>>> print(open('data.txt').read())   # compact mmCIF, C-alpha atoms
# COMPACT_ATOMS: atom_id res chain seq x y z
CA MET E 1199 -1.10 -39.92 26.86
CA SER E 1200 -2.96 -39.58 23.57
CA PRO E 1201 -1.82 -37.10 20.88
CA ARG E 1202 -5.07 -35.13 21.28
CA ARG E 1203 -4.50 -34.69 25.01
CA ARG E 1204 -0.89 -33.59 24.40
CA ARG E 1205 -2.11 -30.96 21.92
CA ARG E 1206 -4.65 -29.69 24.45
CA ILE E 1207 -2.03 -29.44 27.17
CA SER E 1208 0.36 -27.69 24.78
CA ARG E 1209 -2.29 -25.12 23.83
CA GLY E 1210 -3.17 -24.60 27.48
CA VAL E 1211 0.48 -23.94 28.36
CA GLN E 1212 0.80 -21.45 25.48
CA TYR E 1213 -2.34 -19.60 26.56
CA ALA E 1214 -1.09 -19.50 30.15
CA VAL E 1215 2.33 -18.13 29.09
CA PHE E 1216 0.63 -15.48 26.96
CA ALA E 1217 -1.69 -14.45 29.80
CA ILE E 1218 1.21 -14.23 32.25
CA ALA E 1219 3.22 -12.10 29.80
CA VAL E 1220 0.27 -9.71 29.38
CA VAL E 1221 -0.16 -9.40 33.15
CA VAL E 1222 3.56 -8.79 33.71
CA VAL E 1223 3.76 -6.14 30.98
CA GLY E 1224 0.61 -4.48 32.28
CA ALA E 1225 1.97 -4.43 35.84
CA LEU E 1226 5.36 -3.00 34.85
CA ALA E 1227 4.11 -0.31 32.44
CA ASP E 1228 3.70 3.26 33.65
CA TRP E 1229 0.15 3.79 32.42
CA ARG E 1230 -0.10 7.31 33.78
CA GLN E 1231 2.94 8.40 31.78
CA LEU E 1232 1.66 6.64 28.68
CA GLN E 1233 -1.71 8.32 29.02
CA GLU E 1234 -0.13 11.76 29.35
CA GLN E 1235 2.12 11.29 26.32
CA PHE E 1236 -0.07 9.29 23.94
CA LEU E 1237 -3.69 9.65 25.06
CA ASP E 1238 -4.06 13.24 26.19
CA LEU E 1239 -7.66 14.02 25.25
CA SER E 1240 -7.16 17.77 25.55
CA VAL E 1241 -4.44 17.56 22.88
CA ALA E 1242 -6.43 15.12 20.74
CA LYS E 1243 -9.35 17.56 20.57
CA GLN E 1244 -7.08 20.16 18.98
CA LEU E 1245 -6.52 17.89 15.97
CA PHE E 1246 -10.09 18.09 14.74
CA PRO E 1247 -11.49 18.79 12.23
CA GLU E 1248 -8.23 19.34 10.27
CA LEU E 1249 -7.16 15.75 11.01
CA ILE E 1250 -10.05 14.52 8.85
CA THR E 1251 -10.66 17.36 6.40
CA VAL E 1252 -6.98 17.96 5.58
CA ALA E 1253 -4.61 15.19 6.70
CA LEU E 1254 -6.73 12.08 6.16
CA LEU E 1255 -8.31 13.47 2.99
CA ASN E 1256 -4.90 14.28 1.48
CA THR E 1257 -3.58 10.84 2.42
CA VAL E 1258 -6.48 9.16 0.63
CA VAL E 1259 -6.08 11.42 -2.43
CA TYR E 1260 -2.33 10.76 -2.59
CA THR E 1261 -2.91 7.01 -2.33
CA LEU E 1262 -5.64 6.81 -4.96
CA THR E 1263 -3.83 8.98 -7.51
CA GLY E 1264 -0.56 7.07 -6.98
CA PHE E 1265 -2.41 3.77 -7.29
CA GLY E 1266 -4.05 4.90 -10.54
CA VAL E 1267 -0.74 5.97 -12.09
CA GLY E 1268 0.96 2.79 -10.90
CA LEU E 1269 -1.83 0.57 -12.24
CA VAL E 1270 -1.76 2.07 -15.74
CA LEU E 1271 2.04 2.13 -15.89
CA GLY E 1272 2.27 -1.35 -14.40
CA LEU E 1273 -0.11 -2.75 -17.04
CA VAL E 1274 1.99 -1.24 -19.83
CA ILE E 1275 5.21 -2.61 -18.35
CA ALA E 1276 3.65 -6.05 -17.81
CA LEU E 1277 2.60 -6.22 -21.47
CA MET E 1278 6.10 -5.11 -22.51
CA ARG E 1279 7.53 -7.83 -20.27
CA LEU E 1280 5.44 -10.42 -22.13
CA SER E 1281 6.10 -8.93 -25.57
CA SER E 1282 7.79 -10.94 -28.30
CA VAL E 1283 9.89 -7.84 -29.10
CA ALA E 1284 13.17 -8.29 -27.22
CA PRO E 1285 13.94 -4.54 -26.63
CA TYR E 1286 10.55 -4.14 -24.96
CA ARG E 1287 11.28 -7.04 -22.62
CA TRP E 1288 14.73 -5.68 -21.81
CA LEU E 1289 13.36 -2.21 -21.06
CA ALA E 1290 10.55 -3.58 -18.88
CA THR E 1291 12.93 -5.85 -16.96
CA ALA E 1292 15.36 -2.97 -16.39
CA TYR E 1293 12.56 -0.75 -15.08
CA ILE E 1294 11.26 -3.42 -12.70
CA GLU E 1295 14.66 -4.29 -11.30
CA PHE E 1296 15.67 -0.63 -10.95
CA PHE E 1297 12.59 0.65 -9.14
CA ARG E 1298 12.13 -2.44 -6.99
CA GLY E 1299 15.72 -2.11 -5.81
CA LEU E 1300 15.52 1.58 -4.81
CA PRO E 1301 14.05 2.78 -1.50
CA ALA E 1302 10.84 4.75 -1.99
CA LEU E 1303 12.44 7.72 -0.22
CA LEU E 1304 15.05 8.09 -2.98
CA ILE E 1305 12.33 8.07 -5.62
CA PHE E 1306 10.48 10.86 -3.80
CA ILE E 1307 13.68 12.90 -3.65
CA PHE E 1308 14.34 12.23 -7.33
CA VAL E 1309 10.84 13.38 -8.32
CA GLY E 1310 10.84 16.40 -5.99
CA VAL E 1311 14.41 17.59 -6.59
CA GLY E 1312 15.97 15.72 -9.50
CA VAL E 1313 13.25 16.21 -12.11
CA PRO E 1314 12.99 20.03 -11.67
CA LEU E 1315 16.79 20.30 -11.93
CA ALA E 1316 17.02 18.03 -14.97
CA PHE E 1317 14.08 19.64 -16.79
CA PRO E 1318 13.84 23.33 -15.81
CA GLY E 1319 10.46 24.90 -16.37
CA ILE E 1320 8.54 21.62 -16.36
CA THR E 1321 5.83 21.43 -13.70
CA PHE E 1322 3.68 18.51 -12.62
CA PRO E 1323 -0.11 18.79 -13.03
CA GLY E 1324 -1.51 19.64 -9.62
CA GLU E 1325 1.98 20.62 -8.39
CA THR E 1326 2.59 18.64 -5.16
CA TYR E 1327 -0.33 16.30 -5.84
CA GLY E 1328 1.14 15.53 -9.26
CA GLN E 1329 4.58 14.94 -7.78
CA VAL E 1330 3.18 12.53 -5.20
CA ALA E 1331 1.13 10.67 -7.82
CA CYS E 1332 4.23 10.34 -9.99
CA ALA E 1333 6.49 9.17 -7.13
CA LEU E 1334 4.00 6.67 -5.73
CA GLY E 1335 3.16 5.52 -9.24
CA LEU E 1336 6.81 4.84 -10.08
CA VAL E 1337 7.22 2.92 -6.84
CA SER E 1338 4.10 0.79 -7.24
CA ALA E 1339 4.28 0.23 -11.01
CA ALA E 1340 7.31 -2.06 -10.68
CA TYR E 1341 5.48 -4.32 -8.23
CA MET E 1342 2.14 -4.12 -10.03
CA ALA E 1343 3.80 -5.02 -13.34
CA GLU E 1344 5.00 -8.33 -11.93
CA THR E 1345 1.62 -8.97 -10.30
CA ILE E 1346 -0.23 -8.26 -13.56
CA ARG E 1347 2.21 -10.38 -15.55
CA ALA E 1348 1.65 -13.30 -13.19
CA GLY E 1349 -2.12 -12.82 -13.49
CA ILE E 1350 -1.98 -12.84 -17.29
CA GLN E 1351 0.16 -15.98 -17.31
CA ALA E 1352 -2.29 -17.63 -14.87
CA VAL E 1353 -5.10 -17.38 -17.43
CA PRO E 1354 -5.23 -20.70 -19.35
CA ARG E 1355 -3.63 -20.31 -22.76
CA GLY E 1356 -6.63 -22.02 -24.30
CA GLN E 1357 -8.62 -18.83 -23.67
CA LEU E 1358 -6.35 -16.88 -26.01
CA GLU E 1359 -6.25 -19.66 -28.58
CA ALA E 1360 -10.04 -19.93 -28.59
CA ALA E 1361 -10.37 -16.18 -29.13
CA ARG E 1362 -7.91 -16.30 -32.03
CA THR E 1363 -9.89 -19.18 -33.51
CA LEU E 1364 -12.99 -16.98 -33.51
CA GLY E 1365 -11.12 -14.44 -35.61
CA MET E 1366 -10.00 -11.99 -32.93
CA SER E 1367 -6.64 -10.30 -33.27
CA HIS E 1368 -4.06 -10.85 -30.55
CA ALA E 1369 -4.58 -7.33 -29.16
CA THR E 1370 -8.38 -7.71 -29.12
CA ALA E 1371 -8.17 -11.10 -27.44
CA MET E 1372 -5.83 -9.75 -24.77
CA ARG E 1373 -8.00 -6.71 -24.16
CA SER E 1374 -11.37 -8.49 -24.15
CA ILE E 1375 -10.60 -11.98 -22.87
CA VAL E 1376 -7.26 -12.38 -21.09
CA ILE E 1377 -6.72 -9.11 -19.21
CA PRO E 1378 -10.22 -9.02 -17.58
CA GLN E 1379 -9.70 -12.56 -16.28
CA ALA E 1380 -6.20 -11.69 -15.11
CA PHE E 1381 -7.45 -8.73 -13.11
CA ARG E 1382 -10.05 -10.90 -11.44
CA ILE E 1383 -7.22 -13.15 -10.27
CA ILE E 1384 -4.96 -10.36 -9.02
CA VAL E 1385 -7.50 -8.23 -7.16
CA PRO E 1386 -6.26 -9.41 -3.70
CA PRO E 1387 -2.55 -8.60 -4.32
CA LEU E 1388 -3.49 -5.28 -5.90
CA THR E 1389 -5.48 -4.42 -2.78
CA ASN E 1390 -2.41 -5.29 -0.71
CA GLU E 1391 -0.42 -2.91 -2.89
CA MET E 1392 -2.91 -0.15 -2.11
CA VAL E 1393 -2.36 -0.75 1.61
CA LEU E 1394 1.39 -0.38 1.11
CA LEU E 1395 0.89 2.81 -0.90
CA PHE E 1396 -1.32 4.21 1.84
CA LYS E 1397 1.61 3.88 4.25
CA ASP E 1398 4.21 5.04 1.71
CA SER E 1399 2.26 8.28 1.31
CA SER E 1400 3.90 9.35 4.59
CA LEU E 1401 7.04 10.12 2.54
CA VAL E 1402 5.26 13.17 1.12
CA LEU E 1403 6.78 15.22 3.93
CA PHE E 1404 10.13 15.14 2.05
CA LEU E 1405 8.58 17.19 -0.78
CA GLY E 1406 8.08 20.28 1.39
CA VAL E 1407 4.28 20.41 1.45
CA THR E 1408 2.19 23.37 2.60
CA LEU E 1409 -0.19 23.30 5.55
CA GLN E 1410 -3.12 22.39 3.32
CA GLN E 1411 -1.16 19.63 1.59
CA ARG E 1412 -0.05 17.75 4.70
CA GLU E 1413 -0.86 14.07 5.07
CA LEU E 1414 -1.32 12.19 8.33
CA THR E 1415 2.33 11.70 9.31
CA LYS E 1416 3.35 15.29 8.56
CA PHE E 1417 0.25 16.60 10.29
CA GLY E 1418 0.93 14.49 13.39
CA ARG E 1419 4.61 15.52 13.56
CA ASP E 1420 3.80 19.21 13.23
CA LEU E 1421 1.18 19.10 15.99
CA ALA E 1422 3.44 16.98 18.19
CA SER E 1423 6.13 19.66 17.93
CA THR E 1424 3.63 22.41 18.65
CA THR E 1425 2.05 20.73 21.68
CA ALA E 1426 5.24 19.02 22.95
CA ASN E 1427 3.19 15.82 23.15
CA THR E 1428 3.12 12.63 21.05
CA THR E 1429 -0.66 12.25 21.14
CA PRO E 1430 -1.03 13.71 17.60
CA ILE E 1431 1.31 11.05 16.20
CA PHE E 1432 -0.58 8.31 18.03
CA VAL E 1433 -3.94 9.57 16.73
CA ALA E 1434 -2.53 9.81 13.20
CA GLY E 1435 -1.43 6.18 13.52
CA LEU E 1436 -4.98 5.22 14.51
CA CYS E 1437 -6.24 6.90 11.33
CA TYR E 1438 -3.91 4.69 9.28
CA LEU E 1439 -5.38 1.65 11.01
CA LEU E 1440 -8.92 2.83 10.26
CA ILE E 1441 -8.07 2.47 6.57
CA THR E 1442 -5.62 -0.44 6.47
CA ILE E 1443 -7.57 -2.84 8.72
CA PRO E 1444 -10.78 -2.74 6.59
CA LEU E 1445 -8.65 -3.08 3.45
CA GLY E 1446 -6.87 -6.08 4.97
CA TYR E 1447 -10.24 -7.63 5.79
CA LEU E 1448 -11.36 -6.97 2.21
CA VAL E 1449 -8.25 -8.74 0.90
CA ARG E 1450 -8.99 -11.82 3.01
CA ARG E 1451 -12.60 -11.87 1.81
CA LEU E 1452 -11.55 -11.56 -1.82
CA GLU E 1453 -8.98 -14.32 -1.43
CA ALA E 1454 -11.57 -16.60 0.18
CA ARG E 1455 -14.09 -15.82 -2.54
CA HIS E 1456 -11.52 -16.46 -5.26
CA ALA E 1457 -10.49 -19.76 -3.66
CA GLN E 1458 -14.16 -20.81 -3.46
CA ALA E 1459 -14.69 -19.89 -7.11
CA ARG E 1460 -11.70 -21.99 -8.11
>>> encode(input="data.txt", output="structure tokens")
Amino acid sequence: MSPRRRRRISRGVQYAVFAIAVVVVGALADWRQLQEQFLDLSVAKQLFPELITVALLNTVVYTLTGFGVGLVLGLVIALMRLSSVAPYRWLATAYIEFFRGLPALLIFIFVGVGVPLAFPGITFPGETYGQVACALGLVSAAYMAETIRAGIQAVPRGQLEAARTLGMSHATAMRSIVIPQAFRIIVPPLTNEMVLLFKDSSLVLFLGVTLQQRELTKFGRDLASTTANTTPIFVAGLCYLLITIPLGYLVRRLEARHAQAR
């Protein structure tokens, strides 16, 4: 038997096993019970329009503001990590290791409870929105800093040397030549980080948000408790997929385009 024929038979067996597994699971599942608990249309109708105008909108706002804070802070930390000044490198390394090692939940609790206790009278701009932006920014900055650092180091050193030869200062060359090229390289991983932040925004519920500040997870849990049905949580999960799946597709397209450009 030729290798090609063996591969065909192997693929056929795998497809057959997969099809049988799907049929068995479908036959054993209680679809009526699943429909009542997760796909009750009468309950799903009660979620609108607040599901879109409040929960989904807040989730997007939380994600974008946290991403913005994390991107700026991550760029600063990445440059400190690459600095020739040793204390800057030590501080940046300590920040990255500390915040990458902590669960995001603890950072939310620290921002929501620890900061007001440590600094009485200090309030975040936008109150809860500011707290969320700060917490998500602290979480993402540690990862973005390493991504940005890798992107900067991926730019050929000759680019910086050529800029210095033309009379540019080191700061001007980094700002005008190196960093723009680095960001072009790291767009796919940064988009992945946005997807992770979109899901991490569900931790906002630990900050004690109001009804108008709820994001998708909090909104779904509240409605599930009110209706004694899990359909709101299932619908909220679908809303996450409506955002994360297109972003994932965008990442793959950007990676393919970058590979083609290289």
>>> closest_residue(input="data.txt", among="E:Arg1373, E:His1368, E:Lys1416, E:Arg1382", to="Ala1352 in chain E", atoms="only C-alpha atoms")
E:Arg1382
>>> closest_atom_pairs(input="data.txt", of="range 1252-1352 of chain E", to="range 1404-1411 of chain E", cutoff="7 Å", atoms="only C-alpha atoms", output="JSON lines")
{"residue": "E:Val1252", "atom": "CA", "partner": "E:Gln1410", "partner_atom": "CA", "distance": 6.3}
{"residue": "E:Asn1256", "atom": "CA", "partner": "E:Gln1411", "partner_atom": "CA", "distance": 6.5}
{"residue": "E:Gly1310", "atom": "CA", "partner": "E:Leu1405", "partner_atom": "CA", "distance": 5.7}
>>> atom_distance(input="data.txt", atom1="CA of Arg1412 in chain E", atom2="CA of Ile1431 in chain E")
13.4 Å
>>> closest_residue(input="data.txt", among="E:Ala1339, E:Leu1414, E:Leu1445, E:Val1283", to="Leu1271 in chain E", atoms="only C-alpha atoms")
E:Ala1339
>>> atom_distance(input="data.txt", atom1="CA of Leu1358 in chain E", atom2="CA of Ala1380 in chain E")
12.1 Å
>>> residues_near_point(input="data.txt", point="(13.8, 5.4, -0.1)", cutoff="12 Å", atoms="all atoms listed in the file", output="VMD selection string")
chain E and resid 1297 to 1309 1333 to 1334 1337 1398 to 1402 1404
>>> closest_residue(input="data.txt", among="E:Thr1415, E:Thr1428, E:Gln1212, E:Asn1390", to="Ile1443 in chain E", atoms="all atoms listed in the file")
E:Asn1390
>>> atom_distance(input="data.txt", atom1="CA of Ala1219 in chain E", atom2="CA of Phe1236 in chain E")
22.4 Å
>>> residues_near_point(input="data.txt", point="(-3.0, 9.7, -7.6)", cutoff="12 Å", atoms="all atoms listed in the file", output="ChimeraX atom specification")
/E:1256-1270,1323-1324,1326-1336,1338,1392,1395-1396,1399
>>> closest_residue(input="data.txt", among="E:Pro1430, E:Gly1435, E:Gly1319, E:Pro1378", to="Lys1243 in chain E", atoms="only C-alpha atoms")
E:Pro1430
